[in-house]
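Novice: Sharing coords-v9.pdb, PDB, C-alpha atoms:
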ATOM      1  CA  MET J   1     -50.235  70.632 -59.422
ATOM      2  CA  LYS J   2     -46.987  72.051 -60.748
ATOM      3  CA  HIS J   3     -44.082  69.865 -61.851
ATOM      4  CA  ILE J   4     -40.912  71.429 -60.419
ATOM      5  CA  ALA J   5     -37.313  70.659 -61.371
ATOM      6  CA  ILE J   6     -34.638  71.027 -58.696
ATOM      7  CA  LEU J   7     -31.169  71.181 -60.242
ATOM      8  CA  GLY J   8     -28.541  69.633 -58.009
ATOM      9  CA  SER J   9     -28.784  67.584 -54.843
ATOM     10  CA  SER J  10     -27.058  69.638 -52.176
ATOM     11  CA  LEU J  11     -28.545  69.551 -48.683
ATOM     12  CA  ILE J  12     -30.505  72.752 -49.315
ATOM     13  CA  SER J  13     -31.693  71.538 -52.747
ATOM     14  CA  VAL J  14     -33.052  68.293 -51.272
ATOM     15  CA  ILE J  15     -34.778  70.250 -48.479
ATOM     16  CA  GLU J  16     -36.353  72.485 -51.151
ATOM     17  CA  ALA J  17     -37.498  69.380 -53.043
ATOM     18  CA  ILE J  18     -39.079  67.929 -49.887
ATOM     19  CA  THR J  19     -40.784  71.253 -49.133
ATOM     20  CA  GLN J  20     -42.239  71.523 -52.650
ATOM     21  CA  SER J  21     -43.418  67.911 -52.540
ATOM     22  CA  ARG J  22     -45.145  68.476 -49.195
ATOM     23  CA  LEU J  23     -46.871  71.502 -50.741
ATOM     24  CA  GLY J  24     -48.447  69.110 -53.238
ATOM     25  CA  HIS J  25     -46.154  69.566 -56.245
ATOM     26  CA  LYS J  26     -44.589  66.852 -58.359
ATOM     27  CA  VAL J  27     -40.812  67.228 -57.947
ATOM     28  CA  THR J  28     -37.829  65.947 -59.918
ATOM     29  CA  ILE J  29     -34.235  66.380 -58.739
ATOM     30  CA  ILE J  30     -31.774  66.475 -61.644
ATOM     31  CA  ASP J  31     -28.166  65.864 -60.647
ATOM     32  CA  LYS J  32     -24.944  65.353 -62.584
ATOM     33  CA  ASN J  33     -23.489  63.222 -59.776
ATOM     34  CA  ASP J  34     -24.162  59.572 -59.037
ATOM     35  CA  ASP J  35     -25.420  60.278 -55.515
ATOM     36  CA  ILE J  36     -27.006  63.104 -53.545
ATOM     37  CA  GLY J  37     -25.069  65.569 -51.402
ATOM     38  CA  GLY J  38     -23.687  68.161 -53.789
ATOM     39  CA  ALA J  39     -20.247  69.336 -52.634
ATOM     40  CA  TRP J  40     -20.713  67.518 -49.312
ATOM     41  CA  LYS J  41     -19.874  63.952 -50.228
ATOM     42  CA  LEU J  42     -18.029  60.816 -49.236
ATOM     43  CA  GLU J  43     -14.851  59.757 -51.026
ATOM     44  CA  ASN J  44     -12.372  56.920 -50.713
ATOM     45  CA  SER J  45      -8.736  57.959 -50.739
ATOM     46  CA  LEU J  46      -5.350  56.571 -49.713
ATOM     47  CA  GLY J  47      -6.932  53.381 -48.404
ATOM     48  CA  TYR J  48      -9.503  55.184 -46.256
ATOM     49  CA  LYS J  49     -13.234  54.844 -46.920
ATOM     50  CA  ASN J  50     -16.025  57.381 -46.542
ATOM     51  CA  ILE J  51     -13.928  60.515 -45.998
ATOM     52  CA  GLU J  52     -16.210  63.546 -45.772
ATOM     53  CA  VAL J  53     -15.368  66.163 -48.387
ATOM     54  CA  GLY J  54     -16.935  69.625 -48.459
ATOM     55  CA  CYS J  55     -18.181  69.300 -44.870
ATOM     56  CA  HIS J  56     -20.933  71.656 -43.769
ATOM     57  CA  ILE J  57     -20.581  73.196 -40.325
ATOM     58  CA  LEU J  58     -23.581  75.208 -39.203
ATOM     59  CA  ILE J  59     -22.703  78.696 -38.049
ATOM     60  CA  PRO J  60     -25.353  80.698 -36.193
ATOM     61  CA  THR J  61     -26.517  84.103 -37.349
ATOM     62  CA  GLY J  62     -26.337  85.500 -33.824
ATOM     63  CA  LYS J  63     -30.131  85.781 -33.607
ATOM     64  CA  SER J  64     -30.807  82.895 -31.212
ATOM     65  CA  GLU J  65     -34.563  82.645 -31.869
ATOM     66  CA  PHE J  66     -33.957  82.387 -35.636
ATOM     67  CA  ASP J  67     -30.999  80.012 -35.169
ATOM     68  CA  ASN J  68     -32.935  77.680 -32.859
ATOM     69  CA  LYS J  69     -35.876  77.542 -35.288
ATOM     70  CA  SER J  70     -33.522  76.919 -38.220
ATOM     71  CA  TYR J  71     -31.687  74.115 -36.404
ATOM     72  CA  SER J  72     -34.994  72.561 -35.359
ATOM     73  CA  GLU J  73     -36.291  72.656 -38.948
ATOM     74  CA  LEU J  74     -33.050  71.149 -40.248
ATOM     75  CA  GLU J  75     -33.266  68.348 -37.697
ATOM     76  CA  SER J  76     -36.879  67.753 -38.716
ATOM     77  CA  PHE J  77     -36.081  67.558 -42.441
ATOM     78  CA  THR J  78     -32.986  65.384 -42.097
ATOM     79  CA  GLY J  79     -33.975  63.302 -39.075
ATOM     80  CA  ILE J  80     -30.530  64.043 -37.649
ATOM     81  CA  LYS J  81     -29.684  65.489 -34.245
ATOM     82  CA  LEU J  82     -27.322  68.440 -34.389
ATOM     83  CA  VAL J  83     -24.623  68.671 -31.745
ATOM     84  CA  LYS J  84     -22.500  71.600 -30.665
ATOM     85  CA  LEU J  85     -18.827  71.111 -31.481
ATOM     86  CA  ASP J  86     -16.528  71.229 -28.470
ATOM     87  CA  SER J  87     -13.832  73.115 -30.347
ATOM     88  CA  LYS J  88     -13.770  75.662 -33.141
ATOM     89  CA  PRO J  89     -12.979  74.263 -36.605
ATOM     90  CA  ILE J  90      -9.408  74.902 -37.729
ATOM     91  CA  ASN J  91     -10.281  76.185 -41.187
ATOM     92  CA  ILE J  92     -13.495  77.484 -42.683
ATOM     93  CA  SER J  93     -13.128  78.382 -46.352
ATOM     94  CA  VAL J  94     -16.468  80.163 -46.736
ATOM     95  CA  ASN J  95     -17.521  82.230 -43.763
ATOM     96  CA  PRO J  96     -20.781  84.163 -43.951
ATOM     97  CA  LEU J  97     -20.169  86.097 -40.741
ATOM     98  CA  ASN J  98     -16.878  87.918 -41.120
ATOM     99  CA  ASP J  99     -13.138  87.370 -41.167
ATOM    100  CA  SER J 100     -12.786  87.136 -37.395
ATOM    101  CA  ASP J 101     -15.572  85.313 -35.574
ATOM    102  CA  PRO J 102     -16.135  85.971 -31.896
ATOM    103  CA  GLU J 103     -14.440  83.393 -29.685
ATOM    104  CA  ASP J 104     -17.729  82.336 -28.053
ATOM    105  CA  ILE J 105     -19.489  81.385 -31.293
ATOM    106  CA  GLU J 106     -21.075  77.910 -31.317
ATOM    107  CA  TYR J 107     -20.662  75.581 -34.283
ATOM    108  CA  TYR J 108     -23.001  72.662 -34.966
ATOM    109  CA  TYR J 109     -22.608  69.437 -36.894
ATOM    110  CA  PRO J 110     -24.848  66.411 -37.562
ATOM    111  CA  LYS J 111     -24.396  63.908 -34.704
ATOM    112  CA  ASN J 112     -23.343  60.886 -36.799
ATOM    113  CA  GLY J 113     -21.909  62.824 -39.720
ATOM    114  CA  LEU J 114     -22.678  62.706 -43.409
ATOM    115  CA  PRO J 115     -23.412  58.980 -43.899
ATOM    116  CA  GLU J 116     -26.536  59.216 -41.741
ATOM    117  CA  VAL J 117     -27.570  62.544 -43.302
ATOM    118  CA  LEU J 118     -27.362  60.995 -46.785
ATOM    119  CA  LYS J 119     -29.263  57.882 -45.715
ATOM    120  CA  ASN J 120     -32.055  59.970 -44.187
ATOM    121  CA  LEU J 121     -32.262  62.323 -47.176
ATOM    122  CA  ARG J 122     -32.462  59.342 -49.577
ATOM    123  CA  ASN J 123     -35.320  57.993 -47.457
ATOM    124  CA  ALA J 124     -37.065  61.392 -47.493
ATOM    125  CA  ILE J 125     -36.745  61.563 -51.291
ATOM    126  CA  SER J 126     -38.402  58.159 -51.548
ATOM    127  CA  GLU J 127     -41.078  58.810 -48.883
ATOM    128  CA  ASN J 128     -42.104  62.065 -50.588
ATOM    129  CA  SER J 129     -42.308  60.453 -54.059
ATOM    130  CA  ILE J 130     -39.594  62.717 -55.444
ATOM    131  CA  GLU J 131     -38.075  61.560 -58.715
ATOM    132  CA  TYR J 132     -34.273  61.545 -58.618
ATOM    133  CA  LEU J 133     -32.402  61.591 -61.931
ATOM    134  CA  ASN J 134     -28.732  61.001 -61.230
ATOM    135  CA  SER J 135     -25.892  61.224 -63.765
ATOM    136  CA  HIS J 136     -27.900  63.797 -65.734
ATOM    137  CA  GLU J 137     -25.674  66.697 -66.792
ATOM    138  CA  VAL J 138     -27.777  69.743 -67.710
ATOM    139  CA  THR J 139     -26.782  70.975 -71.159
ATOM    140  CA  ASP J 140     -29.465  73.599 -71.810
ATOM    141  CA  ILE J 141     -32.355  75.383 -70.152
ATOM    142  CA  HIS J 142     -34.996  77.114 -72.212
ATOM    143  CA  LEU J 143     -37.802  79.197 -70.708
ATOM    144  CA  LYS J 144     -40.629  78.572 -73.148
ATOM    145  CA  SER J 145     -43.211  80.603 -71.210
ATOM    146  CA  LYS J 146     -44.005  81.820 -67.703
ATOM    147  CA  ASP J 147     -45.183  78.310 -66.795
ATOM    148  CA  GLU J 148     -42.969  76.106 -68.931
ATOM    149  CA  VAL J 149     -39.263  75.402 -68.775
ATOM    150  CA  GLU J 150     -37.482  72.872 -70.940
ATOM    151  CA  ILE J 151     -34.360  71.283 -69.498
ATOM    152  CA  LYS J 152     -32.048  69.259 -71.684
ATOM    153  CA  THR J 153     -29.585  66.833 -70.140
ATOM    154  CA  ASN J 154     -27.064  64.431 -71.587
ATOM    155  CA  LYS J 155     -29.772  61.753 -71.260
ATOM    156  CA  ALA J 156     -33.179  63.388 -71.829
ATOM    157  CA  ASN J 157     -35.275  66.388 -72.831
ATOM    158  CA  LEU J 158     -37.579  67.274 -69.929
ATOM    159  CA  LYS J 159     -40.430  69.751 -69.427
ATOM    160  CA  PHE J 160     -41.461  71.373 -66.158
ATOM    161  CA  ASN J 161     -43.622  74.223 -64.873
ATOM    162  CA  LYS J 162     -40.764  75.642 -62.818
ATOM    163  CA  GLY J 163     -37.020  75.179 -62.402
ATOM    164  CA  ASN J 164     -34.993  75.836 -59.267
ATOM    165  CA  TYR J 165     -31.207  75.891 -59.057
ATOM    166  CA  SER J 166     -28.702  77.185 -56.557
ATOM    167  CA  ALA J 167     -26.406  80.139 -57.007
ATOM    168  CA  GLN J 168     -23.467  77.727 -56.688
ATOM    169  CA  SER J 169     -24.450  75.778 -59.799
ATOM    170  CA  ASN J 170     -22.244  75.947 -62.874
ATOM    171  CA  LEU J 171     -25.074  77.094 -65.149
ATOM    172  CA  LYS J 172     -23.972  79.858 -67.483
ATOM    173  CA  ASN J 173     -26.153  82.198 -69.524
ATOM    174  CA  ASN J 174     -29.403  80.807 -68.126
TER     175      ASN J 174
END
Let me see the structure of the file written as structure tokens.
Specialist:
Amino acid sequence: MKHIAILGSSLISVIEAITQSRLGHKVTIIDKNDDIGGAWKLENSLGYKNIEVGCHILIPTGKSEFDNKSYSELESFTGIKLVKLDSKPINISVNPLNDSDPEDIEYYYPKNGLPEVLKNLRNAISENSIEYLNSHEVTDIHLKSKDEVEIKTNKANLKFNKGNYSAQSNLKNN
């Protein structure tokens, strides 16, 4: 059994952690934040509580068979029903399709929003015996060999067989 480090706790990182755990690996999520979610998080501001920041709207690829399978898998992993939005979002800052989407494109969003997604992902982390190290800022990564990676954080020196981090992470020179 490999011990795999997942750096960050975005939706896709937690899904990767669950997948690796279900494949029989020991998995540790290392995150600099206090709670899971990555850029998609809840904040309190101006007297309002639980404002969603960095919302994720699911945009189809245009290949309906692939999209339907992807949405089904996402629902399975998160335990959340996805619903089609009645209107097009006003502003999308990162658009993987192109600058001008077709008018008939369908956008999807978790039925009860981020609070339920986070609750279900926390439960999945626990149910799959995934270790979650929050408030651990990665300071160094050293590949010692093909099967050994050493990850230093502000709180610990850790050793794993494999490390996994997203392209959006702030890791430099690693």
Novice: Determine, counting all atoms listed in the file, which protein, DNA and RNA residues have an atom within 12 Å of an atom of Arg22 in chain J; residues of the same chain fewer than 5 positions away are not included. Present the result as a VMD selection string.
Specialist: chain J and resid 1 15 to 17 27 77 124 to 125 127 to 130
Novice: Starting from the shown file, work through the PyMOL selection byres ((chain J and resi 157) around 12) and note down what comes out as a ChimeraX atom specification.
Specialist: /J:30,136-142,149-156,158-160
Novice: Expressed in Å to a single decimal, how great is the separation between CA of Ser70 in chain J and CA of His3 in chain J?
Specialist: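 According to the coordinates, CA of Ser70 in chain J and CA of His3 in chain J are separated by 26.8 Å.
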Novice: What is the CA of Asp147 in chain J to CA of Leu133 in chain J distance in Å?
Specialist: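 These two atoms are separated by 21.6 Å.
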Novice: In Å, how far is it from CA of Tyr165 in chain J to CA of Ser135 in chain J?
Specialist: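 Atom-to-atom, CA of Tyr165 in chain J to CA of Ser135 in chain J, that is 16.3 Å.
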Novice: So which residues get picked by the PyMOL selection byres ((chain J and resi 48-57) around 7) here, written as a ChimeraX atom specification?
Specialist: /J:39-47,58-59,107-109,114
Novice: Take the PyMOL selection byres ((chain J and resi 80-88) around 7), apply it to the structure above, and return the hits as a PyMOL selection string.
Specialist: chain J and resi 75+78-79+89-90+106-111+117
Novice: How about saving the chosen residues, C-alpha atoms kept, as a PDB file, in the coordinates of the input?
Specialist:
ATOM      1  CA  GLU J  75     -33.266  68.348 -37.697  1.00  0.00           C
ATOM      2  CA  THR J  78     -32.986  65.384 -42.097  1.00  0.00           C
ATOM      3  CA  GLY J  79     -33.975  63.302 -39.075  1.00  0.00           C
ATOM      4  CA  PRO J  89     -12.979  74.263 -36.605  1.00  0.00           C
ATOM      5  CA  ILE J  90      -9.408  74.902 -37.729  1.00  0.00           C
ATOM      6  CA  GLU J 106     -21.075  77.910 -31.317  1.00  0.00           C
ATOM      7  CA  TYR J 107     -20.662  75.581 -34.283  1.00  0.00           C
ATOM      8  CA  TYR J 108     -23.001  72.662 -34.966  1.00  0.00           C
ATOM      9  CA  TYR J 109     -22.608  69.437 -36.894  1.00  0.00           C
ATOM     10  CA  PRO J 110     -24.848  66.411 -37.562  1.00  0.00           C
ATOM     11  CA  LYS J 111     -24.396  63.908 -34.704  1.00  0.00           C
ATOM     12  CA  VAL J 117     -27.570  62.544 -43.302  1.00  0.00           C
TER      13      VAL J 117
END
Novice: Which is closer to Ile12 in chain J than all the others in J:Thr28, J:Asn112, J:Ser126, J:Asn164, using all atoms listed in the file?
Specialist: J:Asn164
Novice: Counting all atoms listed in the file, figure out which residue out of J:Arg122, J:Lys63, J:Lys69, J:Lys162 gets nearest to Val14 in chain J.
Specialist: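 Looking at the shortest contact to Val14 in chain J, the residue is J:Arg122.
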Novice: Box for range 105-123 of chain J: with edges along x, y and z, all listed atoms inside and 4 Å added on each side, what are the centre and edge lengths in Å to one decimal, as lines of an AutoDock Vina configuration file?
Specialist:
center_x = -27.4
center_y = 69.6
center_z = -40.4
size_x = 23.8
size_y = 31.5
size_z = 26.3
Novice: Rank J:Thr61, J:Asn68, J:Asn120, J:Asn134 by their smallest atom-to-atom distance to Ile6 in chain J, using all atoms listed in the file, and report the top residue only.
Specialist: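 With all atoms listed in the file as the atom set, the closest residue is J:Asn134.
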Novice: Between J:Ser145, J:Ser13, J:Ser64, J:Asn123, which is the closest to Gly38 in chain J once you count only C-alpha atoms?
Specialist: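 Closest to Gly38 in chain J, using only C-alpha atoms: J:Ser13.
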Novice: May I ask which of the residues J:Leu74, J:Glu148, J:Glu116, J:Glu65 is the closest one to Thr19 in chain J, counting all atoms listed in the file?
Specialist: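 Of all the options, J:Leu74 lies closest to Thr19 in chain J.
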Novice: With only C-alpha atoms as the basis for distance, which of J:Pro60, J:Lys144, J:Tyr132, J:Ser72 is at the shortest distance from Lys32 in chain J?
Specialist: J:Tyr132
